[in-house]
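Undergrad: Enclosed is the structure file structure11.cif (mmCIF, C-alpha atoms and all ligand atoms).
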```cif
data_start
#
loop_
_atom_site.label_atom_id
_atom_site.label_comp_id
_atom_site.auth_asym_id
_atom_site.auth_seq_id
_atom_site.Cartn_x
_atom_site.Cartn_y
_atom_site.Cartn_z
CA MET A 23 67.36 -128.03 -14.28
CA THR A 24 67.79 -124.29 -14.67
CA ARG A 25 64.43 -123.37 -13.20
CA LYS A 26 64.12 -123.39 -9.40
CA PRO A 27 62.11 -126.45 -8.36
CA LEU A 28 58.66 -125.88 -6.89
CA MET A 29 57.10 -128.45 -4.56
CA VAL A 30 53.46 -127.89 -3.71
CA ALA A 31 51.50 -129.76 -1.04
CA ASN A 32 47.80 -130.06 -1.80
CA TRP A 33 46.20 -131.13 1.46
CA LYS A 34 42.76 -131.25 -0.21
CA MET A 35 39.91 -131.61 2.35
CA ASN A 36 42.20 -133.09 4.98
CA ASN A 37 43.38 -131.82 8.37
CA THR A 38 41.26 -129.95 10.87
CA LEU A 39 42.63 -126.66 12.15
CA GLY A 40 44.40 -128.42 15.05
CA GLN A 41 45.85 -131.11 12.77
CA SER A 42 47.00 -128.44 10.31
CA VAL A 43 48.97 -126.63 12.98
CA VAL A 44 50.64 -129.84 14.16
CA LEU A 45 51.58 -130.90 10.61
CA ALA A 46 52.84 -127.41 9.77
CA GLN A 47 55.07 -127.49 12.84
CA GLU A 48 56.44 -130.91 11.88
CA ILE A 49 57.14 -129.70 8.34
CA SER A 50 58.76 -126.51 9.60
CA ASN A 51 61.05 -128.60 11.84
CA ARG A 52 62.26 -130.46 8.74
CA PHE A 53 62.83 -127.38 6.57
CA ASN A 54 66.31 -126.12 7.38
CA SER A 55 67.34 -122.55 6.69
CA GLY A 56 69.06 -122.34 3.34
CA TYR A 57 66.71 -124.80 1.64
CA GLU A 58 64.77 -121.84 0.26
CA ASP A 59 67.70 -121.00 -2.02
CA LYS A 60 67.32 -124.36 -3.75
CA VAL A 61 63.60 -125.14 -3.72
CA ASP A 62 60.33 -123.24 -3.33
CA VAL A 63 57.94 -125.10 -1.06
CA VAL A 64 54.24 -124.22 -0.89
CA ILE A 65 51.56 -125.65 1.39
CA CYS A 66 47.91 -125.44 0.31
CA PRO A 67 45.74 -126.28 3.34
CA PRO A 68 41.95 -125.99 3.34
CA TYR A 69 40.97 -122.28 3.57
CA ILE A 70 40.56 -122.33 7.34
CA GLY A 71 44.09 -123.63 7.83
CA ILE A 72 45.86 -120.96 5.79
CA LYS A 73 46.23 -118.35 8.52
CA PRO A 74 47.21 -120.70 11.38
CA VAL A 75 49.74 -122.55 9.20
CA LYS A 76 51.24 -119.23 8.13
CA THR A 77 51.50 -118.19 11.77
CA VAL A 78 53.54 -121.34 12.51
CA PHE A 79 55.92 -120.65 9.62
CA ASP A 80 56.24 -116.94 10.44
CA PHE A 81 57.03 -117.70 14.07
CA ASP A 82 59.74 -120.17 12.98
CA LYS A 83 61.02 -117.82 10.23
CA CYS A 84 60.45 -120.81 7.97
CA LYS A 85 60.47 -119.78 4.30
CA ILE A 86 57.61 -122.01 3.16
CA SER A 87 54.85 -120.18 1.28
CA LEU A 88 51.11 -120.56 1.56
CA GLY A 89 48.69 -121.32 -1.20
CA ALA A 90 44.95 -121.91 -1.56
CA GLN A 91 43.25 -124.79 -3.35
CA ASN A 92 40.64 -122.65 -5.10
CA VAL A 93 39.30 -119.09 -5.41
CA PHE A 94 36.38 -117.28 -7.02
CA TYR A 95 37.04 -114.70 -9.73
CA GLU A 96 34.54 -112.02 -8.68
CA LYS A 97 35.81 -109.27 -6.40
CA SER A 98 32.98 -109.39 -3.84
CA GLY A 99 29.23 -109.75 -3.60
CA ALA A 100 26.44 -112.28 -3.28
CA TYR A 101 28.39 -115.47 -3.96
CA THR A 102 27.57 -117.64 -0.96
CA GLY A 103 30.40 -119.88 0.10
CA GLU A 104 33.04 -118.34 -2.14
CA ILE A 105 36.38 -116.72 -1.32
CA SER A 106 37.92 -113.81 -3.25
CA VAL A 107 41.47 -113.10 -4.38
CA GLU A 108 41.66 -110.15 -1.98
CA MET A 109 40.70 -112.40 0.94
CA LEU A 110 43.48 -114.85 0.04
CA SER A 111 45.93 -112.04 -0.40
CA GLU A 112 45.14 -110.67 3.05
CA LEU A 113 45.94 -114.10 4.50
CA GLY A 114 49.38 -114.01 2.91
CA CYS A 115 48.71 -116.49 0.11
CA MET A 116 51.30 -116.38 -2.64
CA TYR A 117 49.91 -119.17 -4.83
CA CYS A 118 46.55 -120.68 -5.67
CA ILE A 119 45.71 -123.96 -7.42
CA VAL A 120 43.13 -123.57 -10.19
CA GLY A 121 41.42 -126.14 -12.35
CA HIS A 122 42.34 -129.16 -10.26
CA SER A 123 40.68 -132.21 -11.81
CA GLU A 124 38.64 -132.78 -8.64
CA ARG A 125 37.19 -129.26 -8.99
CA ARG A 126 36.49 -129.90 -12.65
CA GLU A 127 34.89 -133.28 -11.95
CA TYR A 128 32.92 -132.71 -8.72
CA PHE A 129 32.20 -128.97 -8.90
CA GLY A 130 31.75 -128.46 -12.61
CA GLU A 131 34.68 -126.09 -13.03
CA THR A 132 35.10 -125.31 -16.72
CA ASN A 133 38.05 -124.16 -18.80
CA ASN A 134 36.44 -120.73 -18.86
CA ASP A 135 36.28 -120.64 -15.04
CA VAL A 136 39.94 -121.63 -14.91
CA ASN A 137 40.82 -118.77 -17.25
CA ARG A 138 38.84 -116.20 -15.24
CA LYS A 139 40.25 -117.43 -11.93
CA ALA A 140 43.82 -117.34 -13.23
CA LYS A 141 43.41 -113.78 -14.51
CA ALA A 142 41.79 -112.61 -11.27
CA LEU A 143 44.65 -114.13 -9.27
CA ILE A 144 47.30 -112.48 -11.41
CA SER A 145 45.69 -109.08 -11.01
CA GLY A 146 45.73 -109.67 -7.24
CA LYS A 147 49.44 -110.66 -7.36
CA ILE A 148 48.85 -114.33 -6.50
CA LYS A 149 50.47 -116.94 -8.70
CA PRO A 150 48.03 -119.40 -10.28
CA ILE A 151 49.05 -123.05 -10.42
CA ILE A 152 47.00 -124.11 -13.42
CA CYS A 153 46.15 -127.82 -13.44
CA VAL A 154 45.63 -129.73 -16.66
CA GLY A 155 45.45 -133.42 -17.43
CA GLU A 156 43.59 -136.06 -19.37
CA SER A 157 41.26 -138.78 -18.10
CA LEU A 158 41.94 -142.48 -18.54
CA TYR A 159 39.31 -142.53 -21.28
CA VAL A 160 41.14 -139.83 -23.21
CA ARG A 161 44.52 -141.51 -22.62
CA GLU A 162 43.24 -144.82 -24.01
CA ASN A 163 40.83 -143.69 -26.74
CA ALA A 164 41.81 -140.24 -27.93
CA ASP A 165 44.76 -137.88 -28.23
CA PRO A 166 45.91 -136.95 -24.71
CA GLN A 167 48.33 -134.35 -25.98
CA ALA A 168 45.70 -132.53 -28.03
CA PHE A 169 43.34 -132.65 -25.04
CA VAL A 170 45.89 -131.18 -22.61
CA LEU A 171 47.08 -128.52 -25.05
CA ALA A 172 43.48 -127.44 -25.60
CA GLN A 173 43.16 -127.02 -21.82
CA ILE A 174 46.30 -124.86 -21.90
CA ASP A 175 44.94 -122.74 -24.75
CA ALA A 176 41.72 -122.18 -22.82
CA ALA A 177 43.41 -121.44 -19.50
CA PHE A 178 45.68 -118.80 -21.04
CA ALA A 179 43.10 -117.29 -23.41
CA GLY A 180 43.36 -113.51 -23.56
CA MET A 181 46.47 -113.29 -21.38
CA ASP A 182 49.51 -111.34 -22.40
CA ALA A 183 53.09 -112.40 -21.73
CA PHE A 184 53.26 -110.34 -18.51
CA GLU A 185 50.31 -112.24 -17.13
CA ALA A 186 51.48 -115.61 -18.41
CA LYS A 187 54.84 -115.30 -16.73
CA GLU A 188 53.14 -115.26 -13.31
CA CYS A 189 51.67 -118.72 -13.88
CA CYS A 190 52.89 -122.22 -13.12
CA ILE A 191 51.35 -125.29 -14.68
CA ALA A 192 50.73 -128.71 -13.12
CA TYR A 193 50.29 -131.62 -15.48
CA GLU A 194 48.19 -134.13 -13.57
CA PRO A 195 46.85 -137.08 -15.54
CA VAL A 196 43.51 -137.78 -13.87
CA TRP A 197 44.15 -141.54 -13.91
CA ALA A 198 47.26 -141.03 -11.76
CA ILE A 199 45.70 -138.90 -9.00
CA GLY A 200 45.30 -140.76 -5.73
CA THR A 201 45.42 -144.09 -7.54
CA GLY A 202 48.99 -145.10 -6.85
CA ARG A 203 49.40 -145.29 -10.60
CA THR A 204 52.02 -142.75 -11.67
CA ALA A 205 52.72 -141.75 -15.23
CA THR A 206 56.17 -143.04 -16.16
CA PRO A 207 58.78 -140.29 -15.97
CA GLU A 208 59.08 -140.44 -19.76
CA VAL A 209 55.32 -140.04 -20.39
CA ALA A 210 55.10 -137.23 -17.83
CA GLY A 211 58.25 -135.56 -19.17
CA GLU A 212 57.03 -135.74 -22.74
CA MET A 213 53.71 -134.08 -21.90
CA CYS A 214 55.46 -131.36 -19.89
CA ARG A 215 57.74 -130.80 -22.90
CA SER A 216 54.72 -130.42 -25.20
CA ILE A 217 53.18 -127.95 -22.76
CA ARG A 218 56.38 -125.89 -22.77
CA VAL A 219 56.45 -125.87 -26.57
CA LYS A 220 52.83 -124.68 -26.55
CA ILE A 221 53.65 -121.88 -24.09
CA ALA A 222 56.54 -120.86 -26.37
CA GLU A 223 54.14 -120.67 -29.30
CA LEU A 224 51.73 -118.54 -27.30
CA PHE A 225 54.11 -116.27 -25.39
CA GLY A 226 57.65 -116.75 -26.72
CA ASP A 227 60.70 -118.77 -25.73
CA ASP A 228 61.68 -116.60 -22.82
CA ILE A 229 58.38 -117.05 -20.96
CA ALA A 230 58.33 -120.77 -21.83
CA SER A 231 61.84 -121.48 -20.65
CA ASN A 232 61.23 -119.73 -17.33
CA MET A 233 57.81 -121.21 -16.61
CA ARG A 234 57.68 -123.91 -13.97
CA ILE A 235 55.81 -127.00 -15.07
CA LEU A 236 55.06 -129.53 -12.36
CA TYR A 237 53.95 -133.12 -12.46
CA GLY A 238 51.24 -134.38 -10.12
CA GLY A 239 49.61 -137.77 -9.58
CA SER A 240 50.76 -140.31 -6.98
CA VAL A 241 54.14 -138.66 -6.51
CA ASN A 242 56.01 -140.42 -3.72
CA VAL A 243 59.46 -141.02 -2.30
CA GLY A 244 59.99 -143.90 -4.72
CA ASN A 245 59.35 -141.99 -7.94
CA ILE A 246 60.31 -138.37 -7.24
CA ASP A 247 63.95 -138.65 -8.34
CA ALA A 248 63.12 -140.06 -11.76
CA LEU A 249 60.35 -137.50 -12.27
CA ILE A 250 62.38 -134.42 -11.46
CA ALA A 251 65.30 -135.79 -13.48
CA GLN A 252 63.15 -135.10 -16.56
CA GLU A 253 64.28 -131.87 -18.19
CA ASP A 254 60.83 -130.33 -18.42
CA ILE A 255 59.54 -131.32 -14.97
CA ASP A 256 60.30 -128.57 -12.49
CA GLY A 257 58.70 -129.96 -9.37
CA ALA A 258 55.55 -131.65 -8.16
CA LEU A 259 52.01 -131.12 -6.92
CA ILE A 260 51.61 -133.65 -4.14
CA GLY A 261 48.43 -134.92 -2.51
CA ASN A 262 48.63 -138.04 -0.33
CA ALA A 263 52.37 -137.94 0.25
CA SER A 264 52.13 -134.37 1.55
CA LEU A 265 49.93 -135.35 4.50
CA GLN A 266 52.84 -136.78 6.45
CA ALA A 267 55.78 -134.59 7.42
CA ASP A 268 58.47 -137.22 6.81
CA SER A 269 57.30 -138.19 3.36
CA PHE A 270 56.72 -134.58 2.29
CA ALA A 271 60.15 -133.58 3.62
CA SER A 272 61.78 -136.42 1.66
CA LEU A 273 60.10 -135.08 -1.47
CA PHE A 274 61.29 -131.50 -1.12
CA LYS A 275 64.74 -132.70 -0.04
CA ALA A 276 64.94 -134.62 -3.32
CA CYS A 277 65.23 -131.21 -5.01
CA LEU A 278 68.20 -129.96 -2.94
P1 LIG B 301 48.05 -137.48 -5.21
O1 LIG B 301 47.29 -136.11 -5.54
O2 LIG B 301 49.50 -137.11 -4.99
O3 LIG B 301 47.39 -137.98 -3.97
O4 LIG B 301 47.88 -138.37 -6.37
C1 LIG B 301 47.85 -135.14 -6.39
C2 LIG B 301 46.89 -134.01 -6.62
O5 LIG B 301 45.69 -134.28 -6.76
O6 LIG B 301 47.25 -132.83 -6.66
#
```
What does this structure look like when you write it as structure tokens?

TA:
Amino acid sequence: MTRKPLMVANWKMNNTLGQSVVLAQEISNRFNSGYEDKVDVVICPPYIGIKPVKTVFDFDKCKISLGAQNVFYEKSGAYTGEISVEMLSELGCMYCIVGHSERREYFGETNNDVNRKAKALISGKIKPIICVGESLYVRENADPQAFVLAQIDAAFAGMDAFEAKECCIAYEPVWAIGTGRTATPEVAGEMCRSIRVKIAELFGDDIASNMRILYGGSVNVGNIDALIAQEDIDGALIGNASLQADSFASLFKACL
């Protein structure tokens, strides 16, 4: 793999502030200096955990970055309950997940929202981690590749190459998220390959060959090696297995 692996923990709506600090400390204790040369590790706690987790890492001089799980694209104003790019930036967030299938399914996030959020993040110097993936229905009854590539088209609509190069993509088949059912490394690798080809069509080979494309969906200690051995899989977006320091550490150590 020529691209530096990226391992992203998506804590989802788990861990209170106190629990977040404890888990961050346990993860920091397992992240030895020098790892940052070989793998980029990002933790995405719930909003309220971002600052305290960052404080733990800063105190330990631990080179793990912070990310958010969502953002709103407007700069400020009457948007009750929302958080802006500038607010995330002030907290020291370097990355932000957008278009996670749970946001699309439970909160009605559309491809257009994903596009606007990604652009807003880029202009605020935060890297979007754009999630795409097909449902079980699409996998079994339609063309999953066409579905995912249409999501890519929509997410990147109107971006130029300078904007696109700030993005990472996470391919997360919806049927594999939190189900214990992982896509085989070959199926996941093939979709990530198609995504890279699509990015090359849109923005050129250089942007495509440098873009990090992650796999997500029931990633665990038992399947990580085979997944990251795939040429077009550059890391993982990890839910359940990131909620425990030992299992998360085994996952990022698999990239060393
Ligand atoms: P999972 O979640 O690892 O628990 O399947 C992945 C994700 O939703 O990002």

Undergrad: Write out as CSV a residue-level contact list of chain A versus ligand LIG 301 (chain B) with cut-off 10 Å: for each qualifying residue the closest pair of atoms and the distance in Å to one decimal, counting all atoms listed in the file, rows sorted by chain and residue number upward.

TA:
```
residue,atom,partner,partner_atom,distance
A:Val30,CA,B:LIG301,O6,8.5
A:Ala31,CA,B:LIG301,O6,7.7
A:Asn32,CA,B:LIG301,O6,5.6
A:Trp33,CA,B:LIG301,O6,8.4
A:Lys34,CA,B:LIG301,O5,7.8
A:Gln91,CA,B:LIG301,O6,9.6
A:Ile119,CA,B:LIG301,O6,9.0
A:His122,CA,B:LIG301,O5,7.0
A:Ser123,CA,B:LIG301,O5,7.4
A:Glu124,CA,B:LIG301,O5,7.4
A:Cys153,CA,B:LIG301,O6,8.5
A:Ala192,CA,B:LIG301,O6,8.4
A:Tyr193,CA,B:LIG301,O6,9.4
A:Glu194,CA,B:LIG301,C2,7.1
A:Pro195,CA,B:LIG301,O5,9.3
A:Val196,CA,B:LIG301,O5,8.2
A:Trp197,CA,B:LIG301,O4,9.0
A:Ala198,CA,B:LIG301,O4,6.0
A:Ile199,CA,B:LIG301,O4,3.5
A:Gly200,CA,B:LIG301,O4,3.6
A:Thr201,CA,B:LIG301,O4,6.3
A:Gly202,CA,B:LIG301,O4,6.8
A:Arg203,CA,B:LIG301,O4,8.3
A:Thr204,CA,B:LIG301,O4,8.0
A:Tyr237,CA,B:LIG301,C1,8.8
A:Gly238,CA,B:LIG301,C1,5.1
A:Gly239,CA,B:LIG301,O4,3.7
A:Ser240,CA,B:LIG301,O4,3.5
A:Val241,CA,B:LIG301,O2,5.1
A:Asn242,CA,B:LIG301,O2,7.4
A:Ala258,CA,B:LIG301,O6,8.5
A:Leu259,CA,B:LIG301,O6,5.1
A:Ile260,CA,B:LIG301,O2,4.1
A:Gly261,CA,B:LIG301,O1,3.4
A:Asn262,CA,B:LIG301,O3,3.8
A:Ala263,CA,B:LIG301,O2,6.0
A:Ser264,CA,B:LIG301,O2,7.6
A:Leu265,CA,B:LIG301,O3,9.2
```

Undergrad: Can you pull out the residues contacting Ala210 (chain A)? Cut-off 8 Å, using only C-alpha atoms, and skip same-chain residues under 4 positions away; I want them as a PyMOL selection string.

TA: chain A and resi 193+205-206+214+237+249+255

Undergrad: For region 268-275 of chain A, please output as a list in words all residues within 8 Å (counting all atoms listed in the file; exclusion window: fewer than 5 positions along the same chain).

TA: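 Neighbouring residues, sequence-local ones excluded: Met29, Ala31, Ile49, Arg52, Phe53, Val61, Val63, Asn242, Val243, Ile246 and Ala263 of chain A.
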
Undergrad: Pick out the closest residue to Asn36 (chain A) from this set: A:Lys147, A:Pro68, A:Ser106, A:Ala230. Count only C-alpha atoms.

TA: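 Using only C-alpha atoms, the shortest distance to Asn36 (chain A) belongs to A:Pro68.
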
Undergrad: From the list A:Ser145, A:Gln173, A:Thr38, A:Ser157, which residue is nearest Glu185 (chain A) when using all atoms listed in the file?

TA: A:Ser145
